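Q: What follows is protein-v7.txt; its format and atoms are compact mmCIF, C-alpha atoms.
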```txt
# COMPACT_ATOMS: atom_id res chain seq x y z
CA MET A 1 172.10 1.87 73.28
CA LYS A 2 172.33 -1.19 71.04
CA ILE A 3 171.74 -4.44 72.92
CA ASN A 4 174.08 -7.37 72.43
CA GLN A 5 171.80 -10.33 71.72
CA ASN A 6 174.31 -12.73 73.25
CA ASP A 7 174.66 -10.93 76.59
CA ARG A 8 173.63 -13.12 79.51
CA LYS A 9 171.78 -11.80 82.57
CA ARG A 10 169.59 -13.17 85.34
CA LYS A 11 166.98 -10.42 85.57
CA PHE A 12 164.72 -9.19 82.77
CA PHE A 13 161.90 -6.66 82.46
CA GLY A 14 159.58 -6.65 79.48
CA GLN A 15 156.29 -5.74 77.85
CA ILE A 16 153.98 -7.84 75.66
CA SER A 17 151.26 -6.06 73.67
CA PHE A 18 147.79 -7.40 72.94
CA GLU A 19 147.47 -5.09 69.94
CA TYR A 20 150.58 -6.53 68.30
CA GLU A 21 149.49 -10.14 68.79
CA HIS A 22 145.90 -9.38 67.80
CA ASN A 23 147.15 -7.93 64.51
CA ALA A 24 148.85 -11.26 63.84
CA ASN A 25 145.78 -13.25 64.93
CA SER A 26 142.48 -11.37 64.61
CA GLU A 27 140.62 -14.11 66.50
CA LEU A 28 142.70 -13.61 69.65
CA THR A 29 140.59 -12.38 72.58
CA GLU A 30 141.85 -10.42 75.57
CA LYS A 31 141.25 -13.45 77.81
CA ASP A 32 143.21 -15.69 75.45
CA PHE A 33 146.00 -13.11 75.43
CA ARG A 34 146.18 -12.98 79.23
CA ASP A 35 146.21 -16.78 79.52
CA SER A 36 148.87 -17.06 76.84
CA VAL A 37 151.24 -14.57 78.48
CA ILE A 38 150.96 -16.23 81.88
CA GLN A 39 151.48 -19.69 80.40
CA ARG A 40 154.52 -18.84 78.26
CA ILE A 41 156.30 -17.13 81.18
CA LYS A 42 155.40 -19.97 83.54
CA ASP A 43 156.65 -22.56 81.03
CA TYR A 44 159.89 -20.67 80.43
CA CYS A 45 160.72 -20.40 84.15
CA LYS A 46 161.75 -24.06 84.36
CA ASN A 47 164.09 -23.94 87.35
CA GLU A 48 162.28 -24.20 90.67
CA GLU A 49 164.21 -21.11 91.88
CA ASP A 50 163.18 -18.95 88.92
CA ARG A 51 160.89 -16.13 90.08
CA TYR A 52 158.49 -13.84 88.23
CA HIS A 53 155.81 -11.14 88.56
CA ILE A 54 153.26 -10.36 85.82
CA ILE A 55 150.66 -7.60 85.60
CA PHE A 56 148.21 -6.58 82.88
CA HIS A 57 147.76 -2.84 82.33
CA ASP A 58 144.32 -2.02 80.96
CA LYS A 59 143.74 1.44 82.45
CA ASP A 60 146.75 3.40 81.15
CA LEU A 61 146.10 6.61 79.20
CA LYS A 62 147.93 8.30 76.33
CA ASP A 63 148.93 11.98 76.47
CA ASP A 64 145.74 12.95 74.63
CA GLY A 65 143.59 11.19 77.24
CA SER A 66 142.64 8.19 75.11
CA SER A 67 143.11 4.63 76.43
CA LYS A 68 146.27 2.68 75.73
CA PRO A 69 145.77 -0.86 74.39
CA LEU A 70 145.95 -3.75 76.83
CA HIS A 71 149.52 -4.88 77.53
CA ALA A 72 151.43 -7.00 80.02
CA HIS A 73 154.55 -6.11 82.00
CA PHE A 74 156.73 -8.77 83.57
CA TYR A 75 159.76 -9.09 85.81
CA ILE A 76 161.75 -12.35 85.79
CA ASP A 77 164.60 -13.31 88.12
CA PHE A 78 166.21 -16.48 86.76
CA LYS A 79 168.36 -18.77 88.90
CA HIS A 80 170.87 -18.94 86.04
CA ALA A 81 171.75 -16.29 83.46
CA HIS A 82 169.94 -16.36 80.10
CA THR A 83 170.92 -14.72 76.83
CA TYR A 84 168.88 -11.75 75.68
CA SER A 85 167.99 -13.47 72.40
CA SER A 86 166.67 -16.61 74.08
CA VAL A 87 164.27 -14.67 76.32
CA TYR A 88 163.25 -12.43 73.42
CA LYS A 89 162.30 -15.41 71.24
CA ALA A 90 160.76 -17.63 73.92
CA LEU A 91 158.36 -14.93 75.12
CA SER A 92 157.56 -13.60 71.61
CA ILE A 93 158.60 -10.02 72.33
CA SER A 94 157.55 -7.69 69.50
CA ARG A 95 160.59 -5.37 69.45
CA GLU A 96 163.85 -4.73 71.31
CA GLN A 97 162.46 -1.67 73.11
CA ASN A 98 160.09 -4.02 74.95
CA LEU A 99 162.75 -6.14 76.66
CA GLU A 100 165.60 -4.93 78.82
CA PHE A 101 168.02 -6.06 81.47
CA VAL A 102 167.12 -5.05 85.03
CA ARG A 103 169.41 -2.58 86.79
CA SER A 104 167.31 -2.13 89.92
CA SER A 105 164.96 -4.91 91.06
CA ILE A 106 163.08 -2.66 93.49
CA LYS A 107 162.53 0.07 90.90
CA THR A 108 161.39 -2.42 88.27
CA CYS A 109 158.97 -4.18 90.58
CA ARG A 110 157.55 -0.86 91.75
CA TYR A 111 156.90 0.13 88.15
CA LEU A 112 154.56 -2.84 87.71
CA THR A 113 151.96 -1.11 89.88
CA HIS A 114 153.21 2.44 89.13
CA ARG A 115 154.65 2.95 92.59
CA ASN A 116 157.81 4.80 91.55
CA GLU A 117 158.01 8.53 92.43
CA ARG A 118 158.13 9.47 88.76
CA ASN A 119 155.03 7.39 87.96
CA MET A 120 153.17 9.10 90.78
CA GLU A 121 154.26 12.57 89.63
CA GLU A 122 153.01 11.74 86.13
CA HIS A 123 149.67 10.63 87.62
CA LYS A 124 149.85 7.18 86.07
CA PHE A 125 147.07 4.84 87.08
CA PRO A 126 147.99 3.09 90.38
CA TYR A 127 147.35 -0.63 90.05
CA GLU A 128 146.57 -2.79 93.08
CA VAL A 129 149.05 -5.26 94.55
CA LYS A 130 146.42 -7.95 94.11
CA ASP A 131 146.60 -7.37 90.33
CA VAL A 132 150.14 -8.78 90.29
CA ILE A 133 150.47 -12.46 89.34
CA SER A 134 153.54 -14.00 90.97
CA SER A 135 155.30 -17.35 90.95
CA GLU A 136 154.81 -19.46 94.07
CA ASN A 137 158.30 -18.62 95.36
CA ALA A 138 157.99 -14.84 94.82
CA ASN A 139 156.50 -12.22 97.13
CA TYR A 140 155.73 -8.89 95.44
CA ILE A 141 155.53 -6.91 98.70
CA ASP A 142 158.99 -8.13 99.72
CA ASP A 143 160.38 -7.19 96.32
CA ILE A 144 159.09 -3.60 96.42
CA MET A 145 159.83 -2.98 100.11
CA GLY A 146 162.97 -5.04 100.66
CA LYS A 147 162.96 -8.06 102.94
CA ILE A 148 165.84 -7.29 105.31
CA LYS A 149 166.67 -9.31 108.38
CA ASN A 150 169.82 -7.37 109.28
CA HIS A 151 169.79 -3.76 108.10
CA SER A 152 173.49 -3.32 108.78
CA LYS A 153 174.23 -6.07 106.24
CA GLU A 154 171.77 -4.88 103.63
CA LYS A 155 173.20 -5.21 100.11
CA ALA A 156 172.47 -3.72 96.69
CA ASP A 157 171.79 -5.85 93.62
CA ASN A 158 175.52 -5.79 92.79
CA GLY A 159 176.37 -7.29 96.20
CA LEU A 160 177.84 -4.14 97.74
CA GLU A 161 176.97 -3.05 101.27
CA ILE A 162 175.95 0.57 101.85
CA ASP A 163 179.40 2.08 102.52
CA GLU A 164 180.99 0.35 99.53
CA TYR A 165 178.00 1.31 97.38
CA CYS A 166 178.43 5.00 98.29
CA LEU A 167 182.13 4.79 97.40
CA GLU A 168 181.14 3.36 94.01
CA LEU A 169 178.66 6.22 93.52
CA SER A 170 181.39 8.75 94.40
CA TYR A 171 183.61 7.22 91.73
CA GLN A 172 180.84 7.31 89.14
CA ILE A 173 180.06 10.96 89.92
CA SER A 174 183.69 12.05 89.78
CA GLU A 175 184.90 9.95 86.84
CA GLU A 176 181.84 9.10 84.75
CA GLY A 177 179.58 12.12 85.21
CA LEU A 178 176.80 10.47 87.21
CA LEU A 179 174.47 13.22 88.44
CA ILE A 180 173.96 13.75 92.16
CA MET A 181 170.19 13.27 91.94
CA GLU A 182 170.75 10.07 89.96
CA ALA A 183 173.01 8.84 92.77
CA LYS A 184 170.30 9.67 95.31
CA GLN A 185 167.69 7.85 93.25
CA GLN A 186 169.88 4.75 93.04
CA LEU A 187 170.43 4.79 96.80
CA PHE A 188 166.71 4.81 97.53
CA GLU A 189 166.03 2.15 94.90
CA GLN A 190 168.69 -0.25 96.17
CA PHE A 191 168.25 0.11 99.94
CA THR A 192 165.40 0.50 102.39
CA GLN A 193 164.42 4.10 103.14
CA ARG A 194 166.03 4.38 106.58
CA ILE A 195 169.40 3.05 105.41
CA ALA A 196 169.31 5.13 102.20
CA GLN A 197 168.40 8.35 104.01
CA LYS A 198 171.22 7.92 106.53
CA ALA A 199 173.72 7.27 103.72
CA TRP A 200 172.45 10.26 101.73
CA ASN A 201 172.76 12.61 104.72
CA SER A 202 176.32 11.38 105.34
CA ASN A 203 177.52 11.51 101.72
CA LYS A 204 175.66 14.42 100.10
CA ARG A 205 178.48 16.93 100.59
CA GLN A 206 181.05 14.41 99.31
CA PHE A 207 178.90 13.78 96.24
CA GLU A 208 178.79 17.55 95.59
CA GLU A 209 182.58 17.73 95.78
CA ASN A 210 182.82 14.75 93.40
CA ARG A 211 180.54 16.57 90.94
CA GLN A 212 182.83 19.63 91.02
CA GLU A 213 185.82 17.36 90.43
CA PHE A 214 184.14 15.97 87.32
CA ILE A 215 183.29 19.46 86.03
CA GLN A 216 186.87 20.66 86.55
CA LYS A 217 188.32 17.62 84.77
CA GLU A 218 185.91 18.13 81.86
CA PHE A 219 186.94 21.79 81.71
CA ILE A 220 190.63 20.84 81.52
CA ARG A 221 189.88 18.29 78.78
CA MET A 222 187.88 20.83 76.78
CA SER A 223 190.61 23.45 77.27
CA LYS A 224 192.92 21.21 75.25
CA GLY A 225 190.78 21.47 72.13
CA GLU A 226 188.16 18.78 72.76
CA ARG A 227 185.07 20.92 73.36
CA ASN A 228 183.29 20.35 70.02
CA HIS A 229 180.83 23.14 70.80
CA LYS A 230 177.79 23.93 68.67
CA GLY A 231 175.84 27.18 68.56
CA ILE A 232 172.18 27.51 67.58
CA TYR A 233 170.26 30.76 67.04
CA ILE A 234 166.44 30.58 67.11
CA GLN A 235 164.64 33.54 65.59
CA ALA A 236 160.88 33.98 65.88
CA GLU A 237 158.26 36.49 66.90
CA GLY A 238 156.96 36.42 70.44
CA GLY A 239 154.46 33.65 71.16
CA THR A 240 155.74 31.39 68.38
CA GLY A 241 157.40 28.92 70.75
CA LYS A 242 161.12 29.64 70.37
CA SER A 243 161.84 29.34 74.11
CA TYR A 244 159.82 26.13 74.23
CA LEU A 245 161.82 24.70 71.33
CA ALA A 246 165.06 25.70 73.05
CA ARG A 247 164.01 23.81 76.19
CA LEU A 248 163.07 20.70 74.20
CA LEU A 249 166.38 20.80 72.33
CA ALA A 250 168.20 20.98 75.68
CA GLU A 251 166.25 18.08 77.15
CA GLU A 252 166.83 15.93 74.07
CA HIS A 253 170.53 16.81 74.06
CA ASP A 254 171.32 15.96 77.68
CA ARG A 255 169.51 14.43 80.65
CA LEU A 256 170.44 17.40 82.88
CA GLY A 257 168.44 19.83 80.74
CA ALA A 258 169.51 23.44 80.32
CA HIS A 259 171.26 26.10 82.34
CA THR A 260 169.27 29.28 81.70
CA PRO A 261 171.16 32.30 83.07
CA SER A 262 169.26 35.46 83.84
CA ILE A 263 170.00 38.55 81.79
CA ASN A 264 170.48 41.85 83.55
CA LYS A 265 171.11 44.81 81.29
CA LYS A 266 173.89 45.98 83.61
CA ARG A 267 175.48 42.60 84.31
CA PHE A 268 175.19 39.25 82.54
CA ASP A 269 176.26 36.48 84.91
CA LEU A 270 176.64 33.29 82.88
CA GLY A 271 178.08 31.22 85.73
CA SER A 272 175.54 31.91 88.47
CA GLY A 273 173.74 28.67 89.35
CA TYR A 274 175.65 26.65 86.75
CA LYS A 275 175.82 22.93 87.66
CA GLY A 276 177.69 21.46 84.71
CA GLU A 277 174.83 21.37 82.22
CA LYS A 278 175.83 20.41 78.68
CA THR A 279 173.35 22.95 77.26
CA ILE A 280 173.08 26.66 77.97
CA VAL A 281 169.95 28.47 76.77
CA ILE A 282 170.08 32.27 76.71
CA ASN A 283 166.68 33.74 75.93
CA GLU A 284 166.47 37.19 74.33
CA LEU A 285 170.24 37.76 74.45
CA ASP A 286 171.40 40.88 72.63
CA ALA A 287 174.32 43.30 72.62
CA SER A 288 172.78 45.45 75.38
CA CYS A 289 173.48 42.78 78.05
CA GLY A 290 176.83 44.29 79.03
CA MET A 291 178.94 41.59 77.33
CA THR A 292 181.44 42.54 74.61
CA PHE A 293 181.58 40.56 71.39
CA ARG A 294 185.06 39.30 72.40
CA GLU A 295 183.53 37.79 75.56
CA LEU A 296 180.73 36.31 73.45
CA PHE A 297 183.34 34.72 71.18
CA GLN A 298 184.92 33.05 74.22
CA VAL A 299 181.59 31.66 75.42
CA LEU A 300 180.90 30.22 71.96
CA GLU A 301 184.41 29.00 71.07
CA PRO A 302 183.90 25.74 69.09
CA ASP A 303 187.12 23.92 69.94
CA SER A 304 188.13 24.77 73.48
CA ALA A 305 186.85 26.03 76.80
CA THR A 306 188.66 29.13 78.00
CA GLN A 307 188.75 31.13 81.22
CA LEU A 308 186.09 33.77 80.89
CA SER A 309 186.26 37.33 82.21
CA SER A 310 186.88 37.95 85.91
CA ARG A 311 183.25 37.85 86.97
CA PHE A 312 183.04 34.23 85.72
CA LYS A 313 186.34 33.08 87.28
CA ASP A 314 184.74 30.69 89.76
CA ALA A 315 182.62 28.91 87.14
CA TYR A 316 183.95 26.13 84.95
CA ILE A 317 181.70 26.16 81.88
CA ILE A 318 181.69 22.74 80.15
CA ASN A 319 178.69 23.02 77.85
CA ASP A 320 178.94 21.78 74.27
CA LEU A 321 175.71 23.41 73.06
CA THR A 322 174.57 27.02 73.39
CA ILE A 323 171.10 28.04 72.20
CA ILE A 324 170.27 31.73 71.83
CA THR A 325 166.73 32.96 71.16
CA ASN A 326 165.68 36.37 69.90
CA SER A 327 162.94 38.00 67.85
CA ASP A 328 165.48 39.76 65.59
CA THR A 329 166.68 38.14 62.38
CA TYR A 330 170.07 36.51 62.70
CA TRP A 331 171.67 39.10 60.44
CA ASP A 332 170.35 42.06 62.46
CA TRP A 333 171.36 40.34 65.68
CA CYS A 334 174.93 39.81 64.41
CA ASP A 335 175.15 43.43 63.27
CA SER A 336 174.14 44.68 66.71
CA TRP A 337 177.32 43.29 68.30
CA PHE A 338 179.74 45.25 66.12
CA GLY A 339 180.58 48.90 65.64
CA LYS A 340 180.99 50.53 62.27
CA LYS A 341 184.55 49.27 61.83
CA ASN A 342 184.98 45.87 63.51
CA LYS A 343 182.36 43.71 61.80
CA GLU A 344 183.74 40.23 62.42
CA TYR A 345 180.85 38.34 60.88
CA HIS A 346 182.78 35.17 60.11
CA GLN A 347 184.12 34.86 63.66
CA LEU A 348 180.58 35.05 65.06
CA MET A 349 178.87 32.94 62.40
CA ARG A 350 181.42 30.13 62.56
CA ARG A 351 180.54 29.89 66.25
CA ILE A 352 176.78 29.91 65.64
CA ARG A 353 176.57 27.88 62.45
CA PHE A 354 172.98 26.77 62.84
CA VAL A 355 169.97 29.06 62.58
CA ILE A 356 166.37 28.02 63.20
CA LYS A 357 163.63 30.24 61.78
CA MET A 358 160.10 29.79 63.12
CA VAL A 359 157.24 31.43 61.20
CA HIS A 360 153.45 31.16 61.42
CA ASP A 361 152.07 29.84 58.11
CA GLU A 362 148.58 31.31 58.25
CA LYS A 363 147.52 29.70 54.98
CA ASN A 364 148.22 26.13 56.10
CA LYS A 365 147.61 26.79 59.82
CA VAL A 366 151.02 25.46 60.86
CA ILE A 367 154.30 26.77 62.25
CA LYS A 368 157.10 26.36 59.74
CA ILE A 369 160.47 25.57 61.27
CA GLU A 370 163.48 25.97 58.99
CA LEU A 371 167.00 24.78 59.83
CA TRP A 372 169.85 26.71 58.16
CA ASN A 373 173.61 26.09 58.17
CA TYR A 374 176.54 28.48 57.74
CA THR A 375 178.86 26.93 55.15
CA ALA A 376 181.82 29.33 54.85
CA THR A 377 185.22 28.05 55.93
CA ARG A 378 187.04 31.39 55.56
CA ASP A 379 186.31 35.05 56.16
CA LEU A 380 184.04 36.36 53.41
CA LYS A 381 183.57 39.78 54.99
CA GLU A 382 180.07 41.13 54.20
CA LYS A 383 179.35 38.16 51.93
CA ALA A 384 179.31 35.89 54.98
CA LYS A 385 175.62 36.70 55.29
CA GLN A 386 175.04 34.91 52.00
CA ALA A 387 176.90 31.73 52.95
CA PHE A 388 173.90 29.87 54.36
CA GLU A 389 171.99 26.87 53.06
CA LYS A 390 168.65 25.53 54.17
CA LEU A 391 168.98 21.98 55.48
CA GLN A 392 165.42 21.06 56.39
CA THR A 393 161.89 22.37 56.84
CA TYR A 394 159.53 21.02 59.52
CA SER A 395 155.84 21.69 60.07
CA LEU A 396 154.28 21.90 63.53
CA LYS A 397 150.50 21.98 63.88
CA SER A 398 150.51 23.28 67.43
CA VAL A 399 153.12 24.12 70.07
CA GLU A 400 150.77 22.49 72.58
CA ASN A 401 151.46 19.09 71.02
CA GLU A 402 154.62 18.34 73.01
CA GLU A 403 155.11 14.87 71.53
CA GLU A 404 155.21 16.26 67.99
CA PHE A 405 157.32 19.25 69.02
CA ARG A 406 159.80 17.01 70.90
CA LYS A 407 160.11 14.73 67.86
CA ILE A 408 161.02 17.74 65.71
CA ALA A 409 163.60 18.85 68.30
CA SER A 410 165.17 15.39 68.24
CA GLU A 411 165.27 15.37 64.43
CA ILE A 412 166.90 18.82 64.39
CA LEU A 413 169.67 17.63 66.71
CA GLU A 414 170.25 14.53 64.59
CA ARG A 415 170.51 16.66 61.45
CA ILE A 416 172.94 19.06 63.15
CA LYS A 417 175.05 16.12 64.32
CA LYS A 418 175.11 14.73 60.78
CA GLU A 419 176.06 18.12 59.35
CA LYS A 420 178.83 18.57 61.92
CA ASN A 421 180.29 15.20 60.94
CA ILE A 422 180.21 16.16 57.26
CA ASP A 423 181.69 19.56 58.03
CA SER A 424 184.58 18.08 60.03
CA LYS A 425 185.56 15.92 57.06
CA ARG A 426 185.53 18.71 54.51
CA LYS A 427 186.78 21.46 56.80
CA VAL A 428 189.63 23.54 55.48
CA ILE A 429 191.61 25.18 58.27
CA ALA A 430 191.79 28.92 57.72
CA THR A 431 195.28 30.42 57.66
CA ASN A 432 194.43 32.64 60.63
CA PRO A 433 191.35 31.25 62.40
CA THR A 434 191.71 32.93 65.79
CA ASP A 435 189.82 35.90 67.16
CA GLN A 436 192.88 38.02 66.39
CA SER A 437 192.22 37.55 62.66
CA GLU A 438 192.39 40.41 60.25
CA ALA A 439 188.63 40.40 59.89
CA SER A 440 188.87 44.02 60.99
CA ASP A 441 189.89 44.74 57.40
CA ASN A 442 186.18 45.52 57.01
CA SER A 443 187.05 48.93 58.39
CA LYS A 444 189.07 49.82 55.31
```
Could you write out this structure as structure tokens?
A:
Amino acid sequence: MKINQNDRKRKFFGQISFEYEHNANSELTEKDFRDSVIQRIKDYCKNEEDRYHIIFHDKDLKDDGSSKPLHAHFYIDFKHAHTYSSVYKALSISREQNLEFVRSSIKTCRYLTHRNERNMEEHKFPYEVKDVISSENANYIDDIMGKIKNHSKEKADNGLEIDEYCLELSYQISEEGLLIMEAKQQLFEQFTQRIAQKAWNSNKRQFEENRQEFIQKEFIRMSKGERNHKGIYIQAEGGTGKSYLARLLAEEHDRLGAHTPSINKKRFDLGSGYKGEKTIVINELDASCGMTFRELFQVLEPDSATQLSSRFKDAYIINDLTIITNSDTYWDWCDSWFGKKNKEYHQLMRRIRFVIKMVHDEKNKVIKIELWNYTATRDLKEKAKQAFEKLQTYSLKSVENEEEFRKIASEILERIKKEKNIDSKRKVIATNPTDQSEASDNSK
């Protein structure tokens, strides 16, 4: 999200890199860097009630196991609000990603020594409390534990007491799509553990009901033609990484990840376990799953969400991205859904416009990933198979390099988004675009 340089806040969290400043001044030593960071923050906190914590990270590791360059993290709580641009310039921050407003003081302070649950799960190096450099009026232990004299009057950073804060979370879940686990995380970041646990136990069921309310409202909105659904088909031989790519695409598309329904040859239950994920990934889906192509059309309808067949009646599906993986080519996969007469290629291909082909390039020792787009705006019968253009080719050295693979997934989604925007501008509405079209003329 783009930051407004003129926004004013009291609390800031940032990072200052030795590598960046050393590149500008090759004579800068690590000691000089440490002294400089401490001095510039100390000088900038001019009000006697300004508070800060600083720590230097020199033991962090990259994903490949190599050491990260020395860098400093800081948390500042000003007495009076400061503009983003003034803090950015005064502390010589290298880029916008390295300075942000603080949403949770406890969470931010815990990050300084890698004491958040996520940091611990990722096995980040745990720094000592004694490594933290604080202003004279700041106590790091108090800031990570919460210094509470009266637990019943404990307040969050926004000034709300626990009951009011839970009501605000309920509203955000129901109206804004806040996830239940995100609400829980905020509770435990804003309040001491005993108070947060009691509130969570009391409100968990209400939060679940609020989540269902949000899903139902989204379903109603999408039912009125605002779904904007995209379909992606990934074709590749086994072991190439198509399921892995599907998962990365889902994670890059939405913070909730993917709903991955199980496929039973006798019964395909799309709604079982669905929690409102924006992405559904169906691995190895084919026509033998017990679903008709009419039901498949409903699942993939681009413009609106519709009530599915009776076995799905209790599930409100609000996804806007469906990813299907299979080892068959897209053309063979499409053919498998139709009999000899009703070959409604256009109706299926307009729902799955994007095809990703993954192939091992033995000569160059890479995996080639090609992104294709279906361009037809009307029923071309058999010629629909020819109405595809290649948008982009990516090269992946190894599926084990998650950082590289994730970057490709992100780029694919950006290209699809761009193509969808172009397509919406040039789209010509077919004279009979519904599933009841006369595409069955193929039988003649």
Q: Please measure the separation of atom CA of Ala384 of chain A and atom CA of Asp286 of chain A, giving the value in Å to one decimal.
A: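 The value is 20.0 Å.
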Q: Dump as a list of chain:residue names all residues having an atom at most 7 Å from (169.1, -13.8, 83.0), computed in the file's coordinates with all atoms listed in the file.
A: A:Arg8, A:Lys9, A:Arg10, A:Lys11, A:Phe12, A:Asp77, A:Phe78, A:His80, A:Ala81, A:His82, A:Thr83
Q: Select, from A:Asn210, A:Thr306, A:Ser174, A:Asn283, the residue with the minimum atom-to-atom distance to Ile263 of chain A, counting only C-alpha atoms.
A: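 Comparing A:Asn210, A:Thr306, A:Ser174, A:Asn283 against Ile263 of chain A, the winner is A:Asn283.
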Q: Between A:Ser94, A:Thr192, A:Asn342, A:Gln347, which has the minimum distance to Leu296 of chain A (counting only C-alpha atoms)?
A: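 Looking at the shortest contact to Leu296 of chain A, the residue is A:Gln347.
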Q: Find the residue from A:Ile55, A:Ala409, A:Cys334, A:Leu169 that sits nearest to Lys130 of chain A; use all atoms listed in the file when measuring.
A: A:Ile55
Q: Would you mind listing what lies within 12 Å of Asn364 of chain A as a ChimeraX atom specification, with only C-alpha atoms counted and same-chain residues fewer than 6 positions away left out?
A: /A:395-398
Q: Might you pull out every residue within 9 Å of His57 of chain A, with only C-alpha atoms counted and same-chain residues fewer than 2 positions away left off, and present them as a ChimeraX atom specification?
A: /A:55,59-60,68-73,112-113,127
Q: What is the atom CA of Ile54 of chain A to atom CA of Tyr84 of chain A distance in Å?
A: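 A separation of 18.7 Å between them.
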Q: Near Asp157 of chain A, counting all atoms listed in the file, which residues have an atom at most 12 Å away, once you skip same-chain residues fewer than 2 positions from it, shown as a short mmCIF file (atom, residue, chain, number, x, y, z; two decimals) with C-alpha atoms, in the frame of the given file?
A:
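Final output, part.cif:
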```cif
data_model
loop_
_atom_site.label_atom_id
_atom_site.label_comp_id
_atom_site.auth_asym_id
_atom_site.auth_seq_id
_atom_site.Cartn_x
_atom_site.Cartn_y
_atom_site.Cartn_z
CA ARG A 10 169.59 -13.17 85.34
CA LYS A 11 166.98 -10.42 85.57
CA ASP A 77 164.60 -13.31 88.12
CA VAL A 102 167.12 -5.05 85.03
CA ARG A 103 169.41 -2.58 86.79
CA SER A 104 167.31 -2.13 89.92
CA SER A 105 164.96 -4.91 91.06
CA ILE A 106 163.08 -2.66 93.49
CA LYS A 107 162.53 0.07 90.90
CA ASP A 143 160.38 -7.19 96.32
CA GLY A 146 162.97 -5.04 100.66
CA GLU A 154 171.77 -4.88 103.63
CA LYS A 155 173.20 -5.21 100.11
CA GLY A 159 176.37 -7.29 96.20
CA LEU A 160 177.84 -4.14 97.74
CA GLU A 161 176.97 -3.05 101.27
CA ILE A 162 175.95 0.57 101.85
CA TYR A 165 178.00 1.31 97.38
CA GLN A 186 169.88 4.75 93.04
CA LEU A 187 170.43 4.79 96.80
CA GLU A 189 166.03 2.15 94.90
CA GLN A 190 168.69 -0.25 96.17
CA PHE A 191 168.25 0.11 99.94
#
```
Q: Between atom CA of Ile93 of chain A and atom CA of Ser26 of chain A, what is the distance, to one decimal in Å?
A: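 So the two atoms, atom CA of Ile93 of chain A and atom CA of Ser26 of chain A, lie 17.9 Å apart.
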Q: Please identify all polymer residues lying at most 12 Å from the point (152.1, -13.3, 77.7) (file coordinates), using all atoms listed in the file, and present the result as a compact mmCIF listing (two decimals) with C-alpha atoms, keeping the file's coordinate frame.
A:
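Saved the output as result_26.txt:
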```txt
# COMPACT_ATOMS: atom_id res chain seq x y z
CA GLY A 14 159.58 -6.65 79.48
CA GLN A 15 156.29 -5.74 77.85
CA ILE A 16 153.98 -7.84 75.66
CA SER A 17 151.26 -6.06 73.67
CA PHE A 18 147.79 -7.40 72.94
CA TYR A 20 150.58 -6.53 68.30
CA GLU A 21 149.49 -10.14 68.79
CA GLU A 30 141.85 -10.42 75.57
CA LYS A 31 141.25 -13.45 77.81
CA ASP A 32 143.21 -15.69 75.45
CA PHE A 33 146.00 -13.11 75.43
CA ARG A 34 146.18 -12.98 79.23
CA ASP A 35 146.21 -16.78 79.52
CA SER A 36 148.87 -17.06 76.84
CA VAL A 37 151.24 -14.57 78.48
CA ILE A 38 150.96 -16.23 81.88
CA GLN A 39 151.48 -19.69 80.40
CA ARG A 40 154.52 -18.84 78.26
CA ILE A 41 156.30 -17.13 81.18
CA LYS A 42 155.40 -19.97 83.54
CA ASP A 43 156.65 -22.56 81.03
CA TYR A 44 159.89 -20.67 80.43
CA HIS A 53 155.81 -11.14 88.56
CA ILE A 54 153.26 -10.36 85.82
CA ILE A 55 150.66 -7.60 85.60
CA PHE A 56 148.21 -6.58 82.88
CA LEU A 70 145.95 -3.75 76.83
CA HIS A 71 149.52 -4.88 77.53
CA ALA A 72 151.43 -7.00 80.02
CA HIS A 73 154.55 -6.11 82.00
CA PHE A 74 156.73 -8.77 83.57
CA TYR A 75 159.76 -9.09 85.81
CA TYR A 88 163.25 -12.43 73.42
CA ALA A 90 160.76 -17.63 73.92
CA LEU A 91 158.36 -14.93 75.12
CA SER A 92 157.56 -13.60 71.61
CA ILE A 93 158.60 -10.02 72.33
CA SER A 94 157.55 -7.69 69.50
CA ILE A 133 150.47 -12.46 89.34
```
Q: Asp63 of chain A: which residues within 10 Å, counting only C-alpha atoms, same-chain residues fewer than 4 positions away excluded, as an mmCIF file with C-alpha atoms, in the coordinates of the input?
A:
```cif
data_model
loop_
_atom_site.group_PDB
_atom_site.id
_atom_site.type_symbol
_atom_site.label_atom_id
_atom_site.label_comp_id
_atom_site.auth_asym_id
_atom_site.auth_seq_id
_atom_site.Cartn_x
_atom_site.Cartn_y
_atom_site.Cartn_z
ATOM 1 C CA SER A 67 143.110 4.630 76.430
ATOM 2 C CA LYS A 68 146.270 2.680 75.730
ATOM 3 C CA ASN A 401 151.460 19.090 71.020
ATOM 4 C CA GLU A 402 154.620 18.340 73.010
ATOM 5 C CA GLU A 403 155.110 14.870 71.530
#
```
Q: Tell me which of A:Lys357, A:Lys365, A:Arg227, A:Lys275 sits closest to Leu391 of chain A, counting only C-alpha atoms.
A: A:Lys357
Q: From the list A:Lys368, A:Thr329, A:Gln386, A:Glu284, which residue is nearest His346 of chain A when using all atoms listed in the file?
A: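 Counting all atoms listed in the file, the residue closest to His346 of chain A is A:Gln386.
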Q: Between A:Arg110, A:Lys390, A:Lys420, A:Lys242, which one has atoms that come closest to Ile324 of chain A, using only C-alpha atoms?
A: A:Lys242
